[in-house]
>>> print(open('work-v6.cif').read())   # mmCIF, C-alpha atoms
data_upload
loop_
_atom_site.label_atom_id
_atom_site.label_comp_id
_atom_site.auth_asym_id
_atom_site.auth_seq_id
_atom_site.Cartn_x
_atom_site.Cartn_y
_atom_site.Cartn_z
CA MET A 18 -78.94 25.67 20.34
CA THR A 19 -80.87 28.07 22.55
CA ALA A 20 -80.59 27.45 26.29
CA GLY A 21 -83.84 26.52 27.99
CA PRO A 22 -85.30 28.12 31.14
CA ALA A 23 -83.64 25.53 33.41
CA ASP A 24 -80.20 26.25 31.93
CA ASP A 25 -80.79 29.98 32.22
CA THR A 26 -81.75 29.67 35.90
CA ARG A 27 -78.71 27.52 36.60
CA THR A 28 -76.44 30.08 34.95
CA ARG A 29 -78.01 32.90 36.95
CA ILE A 30 -77.51 30.98 40.18
CA LEU A 31 -73.84 30.38 39.37
CA ARG A 32 -73.29 34.04 38.51
CA ALA A 33 -74.97 35.24 41.70
CA ALA A 34 -73.09 32.69 43.81
CA LEU A 35 -69.75 33.83 42.39
CA ASP A 36 -70.61 37.46 43.12
CA LEU A 37 -71.64 36.71 46.70
CA PHE A 38 -68.71 34.39 47.38
CA ALA A 39 -66.38 37.14 46.15
CA GLU A 40 -68.12 39.76 48.32
CA HIS A 41 -68.60 37.80 51.55
CA GLY A 42 -66.62 34.58 51.22
CA TYR A 43 -67.94 31.08 50.71
CA GLN A 44 -68.46 30.31 54.38
CA ARG A 45 -70.48 33.46 55.08
CA THR A 46 -72.76 33.08 52.05
CA SER A 47 -75.88 30.98 52.42
CA LEU A 48 -78.12 29.43 49.79
CA ARG A 49 -80.90 31.63 51.16
CA GLN A 50 -78.85 34.77 50.34
CA ILE A 51 -78.26 33.53 46.81
CA GLY A 52 -81.98 32.88 46.42
CA GLU A 53 -82.89 36.32 47.76
CA ARG A 54 -80.59 38.02 45.27
CA LEU A 55 -82.34 36.18 42.42
CA ARG A 56 -85.82 36.21 43.97
CA LEU A 57 -85.79 32.44 44.06
CA THR A 58 -86.70 30.14 46.92
CA LYS A 59 -84.08 28.01 48.60
CA THR A 60 -85.93 25.01 47.22
CA ALA A 61 -85.40 26.33 43.70
CA ILE A 62 -81.67 26.63 44.38
CA LEU A 63 -81.52 23.09 45.78
CA TYR A 64 -83.23 21.75 42.66
CA HIS A 65 -80.16 22.73 40.64
CA PHE A 66 -77.51 22.35 43.36
CA PRO A 67 -78.35 19.92 46.18
CA THR A 68 -75.56 21.37 48.38
CA LYS A 69 -73.44 24.49 48.51
CA GLU A 70 -70.42 22.27 47.79
CA ASN A 71 -72.05 21.36 44.47
CA LEU A 72 -72.24 25.06 43.66
CA LEU A 73 -68.54 25.52 44.39
CA ALA A 74 -67.62 22.50 42.28
CA ALA A 75 -69.71 23.85 39.38
CA LEU A 76 -67.95 27.22 39.56
CA VAL A 77 -64.54 25.53 39.43
CA GLU A 78 -65.52 23.02 36.71
CA PRO A 79 -64.73 25.24 33.66
CA LEU A 80 -61.21 25.86 35.01
CA VAL A 81 -60.63 22.16 35.69
CA SER A 82 -62.00 21.11 32.29
CA ASP A 83 -59.84 23.65 30.46
CA LEU A 84 -56.70 22.42 32.24
CA GLU A 85 -57.51 18.80 31.44
CA ALA A 86 -58.03 19.67 27.75
CA LEU A 87 -54.73 21.57 27.69
CA LEU A 88 -52.81 18.58 29.08
CA ASP A 89 -54.53 16.21 26.64
CA THR A 90 -53.29 18.40 23.78
CA ALA A 91 -49.77 18.74 25.17
CA GLN A 92 -49.36 14.99 25.64
CA THR A 93 -49.57 14.50 21.86
CA GLN A 94 -46.57 16.80 21.25
CA PRO A 95 -42.78 16.34 21.41
CA SER A 96 -41.34 16.91 24.88
CA GLU A 97 -39.90 20.43 24.53
CA HIS A 98 -42.91 21.69 22.59
CA ALA A 99 -45.26 20.11 25.13
CA ARG A 100 -43.51 21.93 27.98
CA TRP A 101 -44.21 25.37 26.54
CA THR A 102 -47.68 24.43 25.37
CA VAL A 103 -48.49 23.62 28.99
CA LEU A 104 -46.87 26.72 30.46
CA GLU A 105 -48.31 29.26 28.02
CA GLY A 106 -51.70 27.56 28.02
CA TRP A 107 -51.68 27.37 31.81
CA VAL A 108 -51.13 31.14 32.12
CA ASP A 109 -53.90 31.86 29.61
CA ILE A 110 -56.34 29.58 31.44
CA MET A 111 -55.49 31.11 34.82
CA LEU A 112 -56.11 34.59 33.40
CA ALA A 113 -59.38 33.51 31.79
CA HIS A 114 -60.62 32.30 35.18
CA ARG A 115 -59.32 35.07 37.42
CA ARG A 116 -62.52 35.57 39.42
CA PRO A 117 -63.10 31.92 40.39
CA LEU A 118 -59.41 31.61 41.21
CA GLY A 119 -59.59 34.57 43.56
CA MET A 120 -62.51 32.92 45.34
CA LEU A 121 -60.74 29.57 45.39
CA PHE A 122 -57.61 31.09 46.91
CA HIS A 123 -59.57 31.89 50.07
CA ASP A 124 -61.60 28.67 50.15
CA ILE A 125 -59.24 26.07 48.68
CA ALA A 126 -59.81 23.69 51.62
CA LEU A 127 -63.45 23.42 50.66
CA ILE A 128 -62.66 21.37 47.57
CA GLY A 129 -60.53 19.00 49.65
CA ARG A 130 -63.18 16.36 49.38
CA GLY A 131 -64.80 14.83 46.36
CA ASP A 132 -64.00 14.43 42.70
CA THR A 133 -62.81 17.99 42.00
CA TYR A 134 -59.92 17.73 44.44
CA HIS A 135 -58.72 14.43 42.98
CA ARG A 136 -58.92 15.81 39.45
CA LEU A 137 -56.81 18.82 40.46
CA ILE A 138 -54.18 16.52 41.99
CA VAL A 139 -54.02 14.49 38.76
CA ILE A 140 -53.79 17.70 36.72
CA ALA A 141 -50.86 18.93 38.83
CA MET A 142 -49.02 15.62 38.50
CA ARG A 143 -49.54 15.45 34.74
CA ALA A 144 -48.41 19.07 34.30
CA ASN A 145 -45.29 18.49 36.38
CA ASP A 146 -44.37 15.44 34.30
CA LEU A 147 -44.82 17.28 31.01
CA ILE A 148 -42.80 20.31 32.13
CA ALA A 149 -39.99 18.26 33.67
CA GLY A 150 -39.71 16.08 30.58
CA PRO A 151 -38.83 12.40 30.20
CA ASN A 152 -36.14 10.89 32.47
CA ALA A 153 -36.13 14.07 34.58
CA GLY A 154 -33.96 14.20 37.68
CA ARG A 155 -34.79 15.79 41.00
CA ARG A 156 -33.73 19.31 39.96
CA GLU A 157 -35.84 19.20 36.80
CA ARG A 158 -38.87 18.01 38.76
CA VAL A 159 -38.40 20.68 41.41
CA ARG A 160 -38.21 23.36 38.72
CA ALA A 161 -41.34 21.96 37.09
CA VAL A 162 -43.27 22.42 40.34
CA GLN A 163 -41.84 25.93 40.70
CA ALA A 164 -42.84 26.72 37.12
CA ILE A 165 -46.47 25.84 37.78
CA GLY A 166 -46.42 28.12 40.80
CA ALA A 167 -44.94 30.90 38.66
CA CYS A 168 -47.78 30.42 36.18
CA SER A 169 -50.50 30.42 38.86
CA ASP A 170 -49.82 32.34 42.07
CA PRO A 171 -49.42 35.88 40.64
CA ILE A 172 -53.03 35.71 39.41
CA VAL A 173 -54.43 36.04 42.93
CA PHE A 174 -51.77 38.42 44.27
CA PHE A 175 -51.78 41.02 41.47
CA THR A 176 -55.50 41.53 40.92
CA ASP A 177 -55.00 45.16 39.86
CA VAL A 178 -52.59 44.31 37.03
CA SER A 179 -53.97 43.95 33.51
CA ASP A 180 -54.09 40.54 31.84
CA GLU A 181 -51.60 41.63 29.18
CA ALA A 182 -48.96 42.95 31.61
CA LEU A 183 -49.35 40.05 34.00
CA ARG A 184 -49.13 37.48 31.21
CA ALA A 185 -45.90 39.02 29.92
CA ASP A 186 -44.36 39.09 33.39
CA MET A 187 -45.39 35.54 34.28
CA LEU A 188 -44.05 34.03 31.07
CA ASP A 189 -40.85 36.04 31.34
CA GLY A 190 -40.36 34.75 34.89
CA VAL A 191 -40.95 31.12 34.05
CA ARG A 192 -38.60 31.28 31.03
CA ARG A 193 -35.89 32.67 33.27
CA LEU A 194 -36.50 29.91 35.79
CA LEU A 195 -36.35 27.06 33.29
CA THR A 196 -33.45 28.38 31.23
CA ALA A 197 -31.25 29.36 34.19
CA PRO A 198 -28.23 27.04 34.58
CA THR A 199 -28.07 24.87 37.69
CA ALA A 200 -25.40 25.61 40.28
CA ASP A 201 -23.13 22.71 39.36
CA ALA A 202 -23.51 23.22 35.60
CA ALA A 203 -23.20 26.98 35.42
CA GLY A 204 -19.44 27.31 35.95
CA PRO A 205 -17.97 30.53 37.36
CA PRO A 206 -20.41 33.47 37.65
CA ASP A 207 -18.85 35.28 34.70
CA ALA A 208 -18.53 32.26 32.41
CA ALA A 209 -20.10 32.48 28.97
CA PRO A 210 -22.22 29.56 27.64
CA GLY A 211 -19.32 28.32 25.49
CA GLY A 212 -16.90 28.29 28.41
CA GLY A 213 -15.10 31.56 27.59
CA ALA A 214 -15.24 34.82 29.40
CA ALA A 215 -18.54 36.62 29.54
CA VAL A 216 -18.90 39.98 27.86
CA GLY A 217 -19.44 41.65 31.23
CA PRO A 218 -20.12 40.74 34.85
CA ARG A 219 -23.63 39.83 35.88
CA ARG A 220 -25.23 42.61 37.83
CA PRO A 221 -27.78 41.89 40.54
CA GLY A 222 -30.96 43.90 40.82
CA ARG A 223 -33.62 44.98 38.40
CA PRO A 224 -33.31 44.20 34.70
CA ARG A 225 -32.28 47.19 32.59
CA ALA A 226 -34.41 46.32 29.55
CA LEU A 227 -37.91 45.16 28.78
CA GLY A 228 -39.07 42.48 26.39
CA ARG A 229 -41.23 43.42 23.42
CA GLU A 230 -44.48 42.30 25.10
CA GLN A 231 -43.60 44.23 28.26
CA VAL A 232 -42.82 47.39 26.28
CA GLN A 233 -46.18 47.15 24.54
CA ALA A 234 -47.95 46.58 27.88
CA ALA A 235 -46.13 49.56 29.45
CA ARG A 236 -47.12 51.84 26.56
CA ARG A 237 -50.75 50.71 26.73
CA MET A 238 -50.92 51.34 30.49
CA HIS A 239 -49.30 54.75 30.09
CA ALA A 240 -51.54 55.75 27.17
CA ALA A 241 -54.67 54.68 29.06
CA GLY A 242 -53.70 56.86 32.01
CA SER A 243 -54.48 53.99 34.39
CA HIS A 244 -50.92 53.65 35.74
CA SER A 245 -48.26 56.16 36.70
CA VAL A 246 -44.64 55.59 35.70
CA ASP A 247 -43.99 54.40 39.26
CA ASP A 248 -46.87 51.92 38.95
CA ILE A 249 -45.61 50.61 35.61
CA ALA A 250 -42.08 50.23 37.00
CA ALA A 251 -43.42 48.25 39.98
CA VAL A 252 -45.56 46.01 37.79
CA LEU A 253 -42.71 45.21 35.39
CA GLY A 254 -39.97 45.02 38.02
CA VAL A 255 -37.71 47.68 36.47
CA SER A 256 -36.53 51.16 37.38
CA ARG A 257 -38.40 54.34 36.52
CA ALA A 258 -35.52 55.28 34.20
CA THR A 259 -36.04 52.05 32.24
CA VAL A 260 -39.74 52.79 31.86
CA TYR A 261 -39.06 56.36 30.69
CA ARG A 262 -36.48 55.10 28.18
CA HIS A 263 -38.92 52.67 26.59
CA LEU A 264 -41.87 55.05 26.67
CA GLY A 265 -39.78 57.63 24.85
CA ALA A 266 -38.47 55.20 22.21
CA GLU A 267 -40.00 55.23 18.77
#
>>> encode(input="work-v6.cif", output="structure tokens")
Amino acid sequence: MTAGPADDTRTRILRAALDLFAEHGYQRTSLRQIGERLRLTKTAILYHFPTKENLLAALVEPLVSDLEALLDTAQTQPSEHARWTVLEGWVDIMLAHRRPLGMLFHDIALIGRGDTYHRLIVIAMRANDLIAGPNAGRRERVRAVQAIGACSDPIVFFTDVSDEALRADMLDGVRRLLTAPTADAAGPPDAAPGGGAAVGPRRPGRPRALGREQVQAARRMHAAGSHSVDDIAAVLGVSRATVYRHLGAE
């Protein structure tokens, strides 16, 4: 179905608002400025969005709706499957909405009133429950909250990292978090999962190998010429030697 003139105008207003909010911030952008960019009167803007808060809520709505749909899907699945459906889907949704999230990071307090805020609180609680699993204890619930942070916060801090590289790093981090043994269940530092001696001592510091997705991301960044080896090493959290080893592998 073809969008009518009213829908087209509304879409143009949202696009211009997002651009201006990103450039100047929500507080310093007026409805008059949005109208001037589109050659529309303030009255025309108010016809579609009675307040600037309505504009902000409309920009966030696709993100909120996608998260709600993700949780609805996950709730129909077995517990362990639901956990990873939420986490992988959460990362993909965050990446798909990088620009609104960047804006929201600076103006999060502005959605602290109204329906959008309450929906986000419900989303967070539902996600935490699904990740923690049934009959979860305190540690599991704490890790669930940490996992959501691991699948969200890097989006606004690493704006210069490609979607592919950031996705690989975020999912690698959250898997490490949720599969790491707790302090009282881990046994001695060098214990193997079956209770015997580990093959070798654990070594602190950067990992010495990359996962398959990270290797592919590193090779794409290197081939594109957009990142130096130092950049790639920083993005992936490994040494330059590790990057060189994987770039040189067949």
>>> resolve_selection(input="work-v6.cif", expression="the PyMOL selection byres ((chain A and resi 135-141) around 8)", output="PDB file with C-alpha atoms, in the frame of the given file")
ATOM      1  CA  VAL A  81     -60.630  22.160  35.690  1.00  0.00           C
ATOM      2  CA  LEU A  84     -56.700  22.420  32.240  1.00  0.00           C
ATOM      3  CA  GLU A  85     -57.510  18.800  31.440  1.00  0.00           C
ATOM      4  CA  LEU A  88     -52.810  18.580  29.080  1.00  0.00           C
ATOM      5  CA  GLY A 131     -64.800  14.830  46.360  1.00  0.00           C
ATOM      6  CA  ASP A 132     -64.000  14.430  42.700  1.00  0.00           C
ATOM      7  CA  THR A 133     -62.810  17.990  42.000  1.00  0.00           C
ATOM      8  CA  TYR A 134     -59.920  17.730  44.440  1.00  0.00           C
ATOM      9  CA  MET A 142     -49.020  15.620  38.500  1.00  0.00           C
ATOM     10  CA  ARG A 143     -49.540  15.450  34.740  1.00  0.00           C
ATOM     11  CA  ALA A 144     -48.410  19.070  34.300  1.00  0.00           C
ATOM     12  CA  ASN A 145     -45.290  18.490  36.380  1.00  0.00           C
TER      13      ASN A 145
END
>>> atom_distance(input="work-v6.cif", atom1="CA of Val108 (chain A)", atom2="CA of His41 (chain A)")
27.0 Å
>>> atom_distance(input="work-v6.cif", atom1="CA of Val191 (chain A)", atom2="CA of Leu253 (chain A)")
14.3 Å
>>> closest_residue(input="work-v6.cif", among="A:Arg116, A:Ser82, A:Lys59, A:Val246", to="Asp36 (chain A)", atoms="only C-alpha atoms")
A:Arg116
>>> residues_around(input="work-v6.cif", residues="Leu87 (chain A)", least_positions_apart="6", cutoff="8 Å", atoms="all atoms listed in the file", output="PyMOL selection string")
chain A and resi 102-103+106-107
>>> closest_residue(input="work-v6.cif", among="A:Glu97, A:Asp89, A:Asp180, A:Asp25", to="His65 (chain A)", atoms="all atoms listed in the file")
A:Asp25
>>> resolve_selection(input="work-v6.cif", expression="the PyMOL selection byres ((chain A and resi 80) around 9)", output="list in words")
Leu76, Val77, Glu78, Pro79, Val81, Ser82, Asp83, Leu84, Glu85, Ile110, Met111, Ala113, His114, Pro117 and Leu118 of chain A
>>> resolve_selection(input="work-v6.cif", expression="the PyMOL selection byres ((chain A and resi 27) around 10)", output="MDAnalysis selection string")
chainID A and resid 22:26 28:33 61:62 64:66 72
>>> atom_distance(input="work-v6.cif", atom1="CA of Ser256 (chain A)", atom2="CA of Thr176 (chain A)")
21.6 Å
>>> residues_near_point(input="work-v6.cif", point="(-46.5, 38.1, 25.5)", cutoff="8 Å", atoms="all atoms listed in the file", output="PyMOL selection string")
chain A and resi 181+184-185+188+229-231
>>> closest_residue(input="work-v6.cif", among="A:Ala91, A:Leu227, A:Leu194, A:Ala34", to="Ala74 (chain A)", atoms="only C-alpha atoms")
A:Ala34
>>> closest_residue(input="work-v6.cif", among="A:Leu35, A:Cys168, A:Asn152, A:Phe175", to="Asp189 (chain A)", atoms="all atoms listed in the file")
A:Cys168
>>> closest_residue(input="work-v6.cif", among="A:Ala182, A:Ser96, A:Ala86, A:Arg115", to="Ala39 (chain A)", atoms="all atoms listed in the file")
A:Arg115
>>> residues_around(input="work-v6.cif", residues="Ile249 (chain A)", least_positions_apart="4", cutoff="12 Å", atoms="all atoms listed in the file", output="VMD selection string")
chain A and resid 177 to 179 182 to 183 186 227 231 to 245 253 to 261 263 to 264
>>> residues_around(input="work-v6.cif", residues="Gln50 (chain A)", least_positions_apart="3", cutoff="9 Å", atoms="all atoms listed in the file", output="mmCIF file with C-alpha atoms, in the coordinates of the input")
data_model
loop_
_atom_site.group_PDB
_atom_site.id
_atom_site.type_symbol
_atom_site.label_atom_id
_atom_site.label_comp_id
_atom_site.auth_asym_id
_atom_site.auth_seq_id
_atom_site.Cartn_x
_atom_site.Cartn_y
_atom_site.Cartn_z
ATOM 1 C CA ALA A 34 -73.090 32.690 43.810
ATOM 2 C CA LEU A 37 -71.640 36.710 46.700
ATOM 3 C CA THR A 46 -72.760 33.080 52.050
ATOM 4 C CA SER A 47 -75.880 30.980 52.420
ATOM 5 C CA GLU A 53 -82.890 36.320 47.760
ATOM 6 C CA ARG A 54 -80.590 38.020 45.270
ATOM 7 C CA LEU A 55 -82.340 36.180 42.420
ATOM 8 C CA LYS A 59 -84.080 28.010 48.600
#
